[in-house]
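Visitor: After the structure tokens below, expect a handful of questions from me.
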Amino acid sequence: MKPIEQIKQPILTEMELFESKFREAMTTKVPLLNRIAHYIVRRKGKQMRPMFVFLVAKMVSDGKFNERTYRGASIIELIHTATLVHDDVVDDSNMRRGFFSINALWKNKIAVLVGDFLLSKGLLLSIDNGDFDILKLISVAVREMSEGELLQIEKARKLDITEEVYFEIIRQKTATLIAACCGIGAASVGCNTEEVEKMRTFGEQIGIAFQIKDDLFDYTNDKIGKPTGIDIKEQKMTLPLIYALNNCEPKEQKWLINSVKNHNRDKKRVKEVIAFVKEKGGIEYTTSKMKEYQLKAMEILNSYPDSPYKNSLITMVSYVIDRKK
């Protein structure tokens, strides 16, 4: 059994019902929007974020969940989908999960409006049902995702990202939404503020580990993952590169920055950069950092009694750093 199928086992019924509720949340009176919504729903990804909502809700409440849990999962998926649609416009990307992106099929103007529609649908789902605690968690995540993206763009121009700034960028860009999933899962079943924050922190740790793993794919030859060197071509300063920069001679630093800034399209030069980063121990250091965050996430999980939901979250934590793509 694949890891994702294994993780889903204790919440199979909930995930099936969630899909129909999510489709319902996407419906509108505008035929064009309905066509696009149908296209999005049919090309869904692994749905890891709703899975976090359900697993956390059931782990912290001894297997209980309610309508608020379904709404929380739907809000997360609506907001996440909105950010993906907008990201494809920002990145001028024509593909998403092996299919044409919304902007490739319907152009940028429609894609931006669809993203706005999904965002407002998510927010209204909270407001209409008085789920203001859930609304706050998701609103903080949306704000932080925007800040993280803009911080990365600003730093990419100067290539002056420190390790501290790198972690802040990935915390905001990636980890904050997974943190919101886990916080919402706990909030949906009536947990107190401390427990909601504890689960939010769990999500943040695992989200950071997830992004570090993504950044490591840039330096591996694994054909299943994303193409090697893509971050270098996009002038993204990820942890392996930052570590190499901080642990080399001034002359090497100058060559490295010049390579990323001015020769990022030169395949031979990109390969040289990857080899240099590996030689300086950038991969080992980054892997050890990823495992630190995994360990912090595991410590939080271990404070809960054993259950099928806890076991699935443990498998999820392992999957995040063992995955091949």
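A note on labels: chains of the structure tokens are A, B, ... as shown, every chain counts residues from 1, and ligands are counted from 1 in their shown order.
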List the spatial neighbours of region 17-22 of chain A as JSON, numbers by chain - criterion: any atom at most 10 Å away, only C-alpha atoms, same-chain residues fewer than 6 positions off excluded.

Guide: {"A": [41, 44, 47, 50, 51, 54, 69, 70, 71, 73, 74, 75, 77, 78]}

Visitor: Give me the residues within 9 Å of region 117-126 of chain A as a ChimeraX atom specification, counting only C-alpha atoms and dropping any in the same chain fewer than 3 places off.

Guide: /A:25-26,33,71-72,74-83,112-114,129-135,138-139

Visitor: For Leu256 (chain A), please output as a PyMOL selection string all residues within 9 Å (counting only C-alpha atoms; exclusion window: fewer than 5 positions along the same chain).

Guide: chain A and resi 241+244-245+251+261+273+276

Visitor: Produce a table with one row for each residue of region 212-251 of chain A that has an atom at most 8 Å from any atom of region 151-172 of chain A, each row naming the nearest atom pair and its distance in Å at one decimal; use only C-alpha atoms; arrange rows by chain and rising residue number; format as JSON lines.

Guide:
```
{"residue": "A:Gln235", "atom": "CA", "partner": "A:Ala156", "partner_atom": "CA", "distance": 6.2}
{"residue": "A:Lys236", "atom": "CA", "partner": "A:Ala156", "partner_atom": "CA", "distance": 6.2}
{"residue": "A:Met237", "atom": "CA", "partner": "A:Ile161", "partner_atom": "CA", "distance": 6.6}
{"residue": "A:Thr238", "atom": "CA", "partner": "A:Tyr166", "partner_atom": "CA", "distance": 6.9}
{"residue": "A:Leu239", "atom": "CA", "partner": "A:Glu163", "partner_atom": "CA", "distance": 6.8}
{"residue": "A:Ile242", "atom": "CA", "partner": "A:Glu163", "partner_atom": "CA", "distance": 6.6}
{"residue": "A:Tyr243", "atom": "CA", "partner": "A:Glu163", "partner_atom": "CA", "distance": 7.7}
```

Visitor: May I have the residues from that selection written out with all heavy atoms, as a compact mmCIF listing (two decimals), in the first residue's frame?

Guide:
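Wrote selection22.txt, looks like this:
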```txt
# COMPACT_ATOMS: atom_id res chain seq x y z
N GLN A 235 17.18 31.51 -9.54
CA GLN A 235 17.93 32.34 -8.58
C GLN A 235 17.35 32.26 -7.16
O GLN A 235 17.33 33.24 -6.43
CB GLN A 235 17.98 33.80 -9.05
CG GLN A 235 18.70 33.98 -10.35
CD GLN A 235 18.89 35.44 -10.73
OE1 GLN A 235 18.33 36.34 -10.12
NE2 GLN A 235 19.66 35.70 -11.76
N LYS A 236 16.90 31.06 -6.78
CA LYS A 236 16.38 30.88 -5.42
C LYS A 236 17.52 30.43 -4.52
O LYS A 236 18.19 29.43 -4.81
CB LYS A 236 15.26 29.83 -5.41
CG LYS A 236 13.93 30.37 -5.91
CD LYS A 236 12.85 29.30 -5.82
CE LYS A 236 11.56 29.78 -6.48
NZ LYS A 236 10.62 28.67 -6.68
N MET A 237 17.70 31.16 -3.44
CA MET A 237 18.76 30.83 -2.48
C MET A 237 18.20 29.85 -1.45
O MET A 237 17.53 30.24 -0.50
CB MET A 237 19.26 32.10 -1.79
CG MET A 237 19.90 33.09 -2.74
SD MET A 237 21.54 32.54 -3.28
CE MET A 237 22.51 32.89 -1.83
N THR A 238 18.46 28.57 -1.66
CA THR A 238 17.96 27.56 -0.72
C THR A 238 19.08 27.16 0.25
O THR A 238 20.24 27.55 0.07
CB THR A 238 17.40 26.34 -1.48
OG1 THR A 238 18.45 25.81 -2.31
CG2 THR A 238 16.20 26.72 -2.33
N LEU A 239 18.73 26.39 1.27
CA LEU A 239 19.67 26.09 2.36
C LEU A 239 20.99 25.44 1.90
O LEU A 239 22.06 25.85 2.38
CB LEU A 239 18.97 25.24 3.43
CG LEU A 239 19.71 25.11 4.77
CD1 LEU A 239 20.05 26.46 5.38
CD2 LEU A 239 18.90 24.28 5.75
N ILE A 242 23.06 28.31 0.59
CA ILE A 242 23.40 29.26 1.66
C ILE A 242 24.53 28.70 2.52
O ILE A 242 25.49 29.40 2.86
CB ILE A 242 22.15 29.60 2.52
CG1 ILE A 242 21.12 30.37 1.69
CG2 ILE A 242 22.54 30.40 3.77
CD1 ILE A 242 19.73 30.43 2.31
N TYR A 243 24.43 27.40 2.85
CA TYR A 243 25.47 26.76 3.67
C TYR A 243 26.82 26.78 2.93
O TYR A 243 27.85 27.10 3.53
CB TYR A 243 25.08 25.32 4.01
CG TYR A 243 26.11 24.62 4.85
CD1 TYR A 243 26.15 24.81 6.23
CD2 TYR A 243 27.07 23.78 4.28
CE1 TYR A 243 27.10 24.19 7.02
CE2 TYR A 243 28.04 23.16 5.05
CZ TYR A 243 28.05 23.36 6.43
OH TYR A 243 29.01 22.76 7.20
```

Visitor: Would you give me, as number ranges by chain, the residues in region 85-317 of chain A that DSSP reads as strand (DSSP E)?

Guide: A: 95-96, 99-100

Visitor: Could you save the residues just selected, with C-alpha atoms, as a PDB file, in the first residue's frame?

Guide:
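New file again.pdb:
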```pdb
ATOM      1  CA  MET A  95       1.317  23.182 -16.207  1.00  0.00           C
ATOM      2  CA  ARG A  96       0.025  22.082 -12.805  1.00  0.00           C
ATOM      3  CA  PHE A  99      -2.268  19.129 -16.610  1.00  0.00           C
ATOM      4  CA  PHE A 100      -2.682  22.538 -18.186  1.00  0.00           C
TER       5      PHE A 100
END
```

Visitor: List the neighbours of region 205-222 of chain A out to 8 Å using only C-alpha atoms; skip same-chain residues closer than 6 positions along the sequence, and give me the result as JSON, numbers by chain.

Guide: {"A": [167, 170, 171, 174, 175, 176, 178, 179, 228, 229, 230, 231, 238, 239, 240, 274, 278, 283, 286, 287, 290, 291, 293, 294, 296, 297, 317, 320, 321, 324, 325]}

Visitor: Keeping N, CA and C atoms for every residue in the selection just given, could you write it to a file as a short mmCIF file (atom, residue, chain, number, x, y, z; two decimals), in the first residue's frame?

Guide:
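Heads up, here's the output in result21.cif:
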```
data_model
loop_
_atom_site.label_atom_id
_atom_site.label_comp_id
_atom_site.auth_asym_id
_atom_site.auth_seq_id
_atom_site.Cartn_x
_atom_site.Cartn_y
_atom_site.Cartn_z
N PHE A 167 14.80 30.47 6.62
CA PHE A 167 13.81 29.75 7.44
C PHE A 167 12.52 30.57 7.61
N ILE A 170 10.54 30.13 4.26
CA ILE A 170 9.84 28.85 4.08
C ILE A 170 8.76 28.64 5.14
N ARG A 171 8.98 29.23 6.34
CA ARG A 171 7.93 29.16 7.36
C ARG A 171 6.67 29.85 6.86
N THR A 174 5.39 28.13 2.97
CA THR A 174 4.90 26.74 2.92
C THR A 174 4.32 26.26 4.24
N ALA A 175 5.09 26.48 5.33
CA ALA A 175 4.72 25.87 6.61
C ALA A 175 3.45 26.48 7.21
N THR A 176 3.21 27.77 6.94
CA THR A 176 2.08 28.44 7.60
C THR A 176 0.73 27.83 7.22
N ILE A 178 0.20 24.58 6.34
CA ILE A 178 0.09 23.28 7.01
C ILE A 178 -0.16 23.50 8.51
N ALA A 179 0.46 24.55 9.07
CA ALA A 179 0.21 24.92 10.47
C ALA A 179 -1.27 25.25 10.67
N THR A 228 16.58 18.69 -11.81
CA THR A 228 17.72 19.17 -11.02
C THR A 228 18.13 20.56 -11.46
N GLY A 229 18.47 21.41 -10.47
CA GLY A 229 18.99 22.75 -10.78
C GLY A 229 17.94 23.80 -11.06
N ILE A 230 16.66 23.47 -10.91
CA ILE A 230 15.60 24.43 -11.26
C ILE A 230 15.62 25.66 -10.35
N ASP A 231 15.93 25.45 -9.04
CA ASP A 231 15.99 26.59 -8.11
C ASP A 231 17.14 27.52 -8.46
N THR A 238 18.46 28.57 -1.66
CA THR A 238 17.96 27.56 -0.72
C THR A 238 19.08 27.16 0.25
N LEU A 239 18.73 26.39 1.27
CA LEU A 239 19.67 26.09 2.36
C LEU A 239 20.99 25.44 1.90
N PRO A 240 21.00 24.45 0.99
CA PRO A 240 22.29 23.87 0.59
C PRO A 240 23.24 24.93 0.03
N ILE A 274 26.11 22.78 -8.44
CA ILE A 274 25.57 21.64 -7.68
C ILE A 274 26.71 20.80 -7.10
N LYS A 278 27.65 20.26 -3.06
CA LYS A 278 27.79 18.91 -2.49
C LYS A 278 29.15 18.74 -1.81
N ILE A 283 24.55 19.36 1.35
CA ILE A 283 23.45 18.36 1.36
C ILE A 283 23.33 17.74 2.75
N THR A 286 21.89 20.31 5.25
CA THR A 286 20.46 20.54 5.00
C THR A 286 19.63 19.35 5.47
N THR A 287 20.13 18.13 5.19
CA THR A 287 19.42 16.92 5.62
C THR A 287 19.32 16.86 7.15
N MET A 290 16.64 19.26 8.29
CA MET A 290 15.32 18.71 7.99
C MET A 290 14.93 17.70 9.08
N LYS A 291 15.88 16.87 9.47
CA LYS A 291 15.61 15.84 10.48
C LYS A 291 15.35 16.46 11.87
N TYR A 293 13.73 19.26 12.38
CA TYR A 293 12.32 19.68 12.36
C TYR A 293 11.38 18.47 12.43
N GLN A 294 11.78 17.39 11.79
CA GLN A 294 10.98 16.16 11.86
C GLN A 294 10.90 15.67 13.31
N LYS A 296 11.22 17.48 16.06
CA LYS A 296 10.37 18.39 16.84
C LYS A 296 8.89 18.05 16.63
N ALA A 297 8.53 17.74 15.40
CA ALA A 297 7.14 17.36 15.09
C ALA A 297 6.78 16.06 15.80
N VAL A 317 4.57 12.23 8.81
CA VAL A 317 5.84 12.89 9.15
C VAL A 317 7.01 12.19 8.46
N VAL A 320 6.90 12.80 4.55
CA VAL A 320 7.35 14.14 4.15
C VAL A 320 8.82 14.18 3.82
N ILE A 321 9.65 13.45 4.60
CA ILE A 321 11.09 13.51 4.33
C ILE A 321 11.62 12.31 3.54
N LYS A 324 9.77 10.75 -2.77
CA LYS A 324 10.64 10.85 -3.93
C LYS A 324 10.24 11.99 -4.87
N LYS A 325 9.12 12.67 -4.57
CA LYS A 325 8.72 13.81 -5.41
C LYS A 325 7.79 14.72 -4.64
#
```

Visitor: Would you list the contacts of Pro10 (chain A) as a PyMOL selection string, taking every protein, DNA or RNA residue within 10 Å and counting only C-alpha atoms, but skipping same-chain residues closer than 5 positions in sequence?

Guide: chain A and resi 5+15+54-55+58+63+307-312

Visitor: Identify, on the basis of only C-alpha atoms, every residue whose closest approach to Lys2 (chain A) does not exceed 12 Å; exclude the query and any residue fewer than 2 positions from it along the same chain; express the result as a PyMOL selection string.

Guide: chain A and resi 4-9+46+315-316+319+323

Visitor: Looking at only C-alpha atoms, which of A:Leu32, A:Ile232, A:Leu84, A:Ile40 is the one that sits closest to Asp266 (chain A)?

Guide: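 Smallest distance to Asp266 (chain A) is found for A:Ile232.
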
Visitor: Can you measure CA of Gly148 (chain A) to CA of Arg200 (chain A) for me? One decimal in Å is fine.

Guide: 17.8 Å

Visitor: Which residue, A:Ser259, A:Lys254, A:Glu249, A:Tyr304, has the smallest gap to Lys280 (chain A) when you use only C-alpha atoms?

Guide: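 Counting only C-alpha atoms, the residue closest to Lys280 (chain A) is A:Glu249.
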
Visitor: With distances taken over only C-alpha atoms, which of A:Ile102, A:Thr13, A:Asp88, A:Phe65 is nearest to Arg35 (chain A)?

Guide: A:Ile102

Visitor: For CA of Glu144 (chain A) and CA of Ile127 (chain A), determine how far apart the two atoms are, in Å to one decimal place.

Guide: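 Distance reported for this atom pair: 20.5 Å.
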
Visitor: So that I can see what lies close to Cys182 (chain A), please list as a ChimeraX atom specification the residues with an atom at most 10 Å from it, counting only C-alpha atoms and leaving out residues fewer than 4 positions away in the same chain.

Guide: /A:49-57,137,177-178,186-188,196-204

Visitor: Those residues with N, CA and C atoms, as a PDB file, in the first residue's frame please?

Guide:
```
ATOM      1  N   ARG A  49      -3.560  18.429   2.767  1.00  0.00           N
ATOM      2  CA  ARG A  49      -3.987  19.447   3.740  1.00  0.00           C
ATOM      3  C   ARG A  49      -5.308  19.091   4.424  1.00  0.00           C
ATOM      4  N   PRO A  50      -6.364  18.705   3.671  1.00  0.00           N
ATOM      5  CA  PRO A  50      -7.584  18.240   4.361  1.00  0.00           C
ATOM      6  C   PRO A  50      -7.320  17.023   5.240  1.00  0.00           C
ATOM      7  N   MET A  51      -6.386  16.163   4.812  1.00  0.00           N
ATOM      8  CA  MET A  51      -6.056  14.984   5.611  1.00  0.00           C
ATOM      9  C   MET A  51      -5.489  15.393   6.973  1.00  0.00           C
ATOM     10  N   PHE A  52      -4.644  16.420   6.978  1.00  0.00           N
ATOM     11  CA  PHE A  52      -4.114  16.944   8.239  1.00  0.00           C
ATOM     12  C   PHE A  52      -5.260  17.415   9.142  1.00  0.00           C
ATOM     13  N   VAL A  53      -6.236  18.126   8.557  1.00  0.00           N
ATOM     14  CA  VAL A  53      -7.368  18.647   9.335  1.00  0.00           C
ATOM     15  C   VAL A  53      -8.097  17.494  10.035  1.00  0.00           C
ATOM     16  N   PHE A  54      -8.473  16.462   9.272  1.00  0.00           N
ATOM     17  CA  PHE A  54      -9.238  15.339   9.830  1.00  0.00           C
ATOM     18  C   PHE A  54      -8.432  14.517  10.838  1.00  0.00           C
ATOM     19  N   LEU A  55      -7.176  14.227  10.496  1.00  0.00           N
ATOM     20  CA  LEU A  55      -6.360  13.387  11.387  1.00  0.00           C
ATOM     21  C   LEU A  55      -6.097  14.075  12.725  1.00  0.00           C
ATOM     22  N   VAL A  56      -5.785  15.379  12.668  1.00  0.00           N
ATOM     23  CA  VAL A  56      -5.536  16.119  13.911  1.00  0.00           C
ATOM     24  C   VAL A  56      -6.821  16.205  14.736  1.00  0.00           C
ATOM     25  N   ALA A  57      -7.941  16.557  14.078  1.00  0.00           N
ATOM     26  CA  ALA A  57      -9.231  16.675  14.787  1.00  0.00           C
ATOM     27  C   ALA A  57      -9.546  15.380  15.530  1.00  0.00           C
ATOM     28  N   LEU A 137      -7.360  31.775  11.912  1.00  0.00           N
ATOM     29  CA  LEU A 137      -6.224  30.893  11.585  1.00  0.00           C
ATOM     30  C   LEU A 137      -5.890  30.929  10.096  1.00  0.00           C
ATOM     31  N   LEU A 177       0.588  27.330   5.993  1.00  0.00           N
ATOM     32  CA  LEU A 177      -0.695  26.740   5.586  1.00  0.00           C
ATOM     33  C   LEU A 177      -0.891  25.359   6.238  1.00  0.00           C
ATOM     34  N   ILE A 178       0.197  24.583   6.342  1.00  0.00           N
ATOM     35  CA  ILE A 178       0.094  23.275   7.013  1.00  0.00           C
ATOM     36  C   ILE A 178      -0.157  23.498   8.506  1.00  0.00           C
ATOM     37  N   ALA A 186      -7.721  21.049  15.259  1.00  0.00           N
ATOM     38  CA  ALA A 186      -7.911  21.082  16.716  1.00  0.00           C
ATOM     39  C   ALA A 186      -9.044  22.031  17.111  1.00  0.00           C
ATOM     40  N   ALA A 187      -9.093  23.215  16.479  1.00  0.00           N
ATOM     41  CA  ALA A 187     -10.121  24.212  16.811  1.00  0.00           C
ATOM     42  C   ALA A 187     -11.520  23.702  16.469  1.00  0.00           C
ATOM     43  N   SER A 188     -11.625  22.922  15.382  1.00  0.00           N
ATOM     44  CA  SER A 188     -12.943  22.463  14.911  1.00  0.00           C
ATOM     45  C   SER A 188     -13.644  21.549  15.912  1.00  0.00           C
ATOM     46  N   VAL A 196      -4.712  24.229  20.471  1.00  0.00           N
ATOM     47  CA  VAL A 196      -4.759  24.669  19.072  1.00  0.00           C
ATOM     48  C   VAL A 196      -3.374  25.146  18.652  1.00  0.00           C
ATOM     49  N   GLU A 197      -2.723  25.927  19.529  1.00  0.00           N
ATOM     50  CA  GLU A 197      -1.381  26.443  19.236  1.00  0.00           C
ATOM     51  C   GLU A 197      -0.353  25.311  19.168  1.00  0.00           C
ATOM     52  N   LYS A 198      -0.514  24.321  20.026  1.00  0.00           N
ATOM     53  CA  LYS A 198       0.388  23.159  20.027  1.00  0.00           C
ATOM     54  C   LYS A 198       0.316  22.421  18.688  1.00  0.00           C
ATOM     55  N   MET A 199      -0.915  22.217  18.182  1.00  0.00           N
ATOM     56  CA  MET A 199      -1.070  21.519  16.908  1.00  0.00           C
ATOM     57  C   MET A 199      -0.662  22.401  15.734  1.00  0.00           C
ATOM     58  N   ARG A 200      -0.852  23.708  15.890  1.00  0.00           N
ATOM     59  CA  ARG A 200      -0.401  24.649  14.854  1.00  0.00           C
ATOM     60  C   ARG A 200       1.135  24.569  14.742  1.00  0.00           C
ATOM     61  N   THR A 201       1.794  24.502  15.900  1.00  0.00           N
ATOM     62  CA  THR A 201       3.264  24.381  15.927  1.00  0.00           C
ATOM     63  C   THR A 201       3.708  23.068  15.284  1.00  0.00           C
ATOM     64  N   PHE A 202       2.975  21.984  15.568  1.00  0.00           N
ATOM     65  CA  PHE A 202       3.277  20.692  14.945  1.00  0.00           C
ATOM     66  C   PHE A 202       3.254  20.842  13.412  1.00  0.00           C
ATOM     67  N   GLY A 203       2.191  21.474  12.902  1.00  0.00           N
ATOM     68  CA  GLY A 203       2.060  21.678  11.456  1.00  0.00           C
ATOM     69  C   GLY A 203       3.184  22.522  10.891  1.00  0.00           C
ATOM     70  N   GLU A 204       3.602  23.517  11.655  1.00  0.00           N
ATOM     71  CA  GLU A 204       4.690  24.399  11.205  1.00  0.00           C
ATOM     72  C   GLU A 204       6.000  23.625  11.076  1.00  0.00           C
TER      73      GLU A 204
END
```
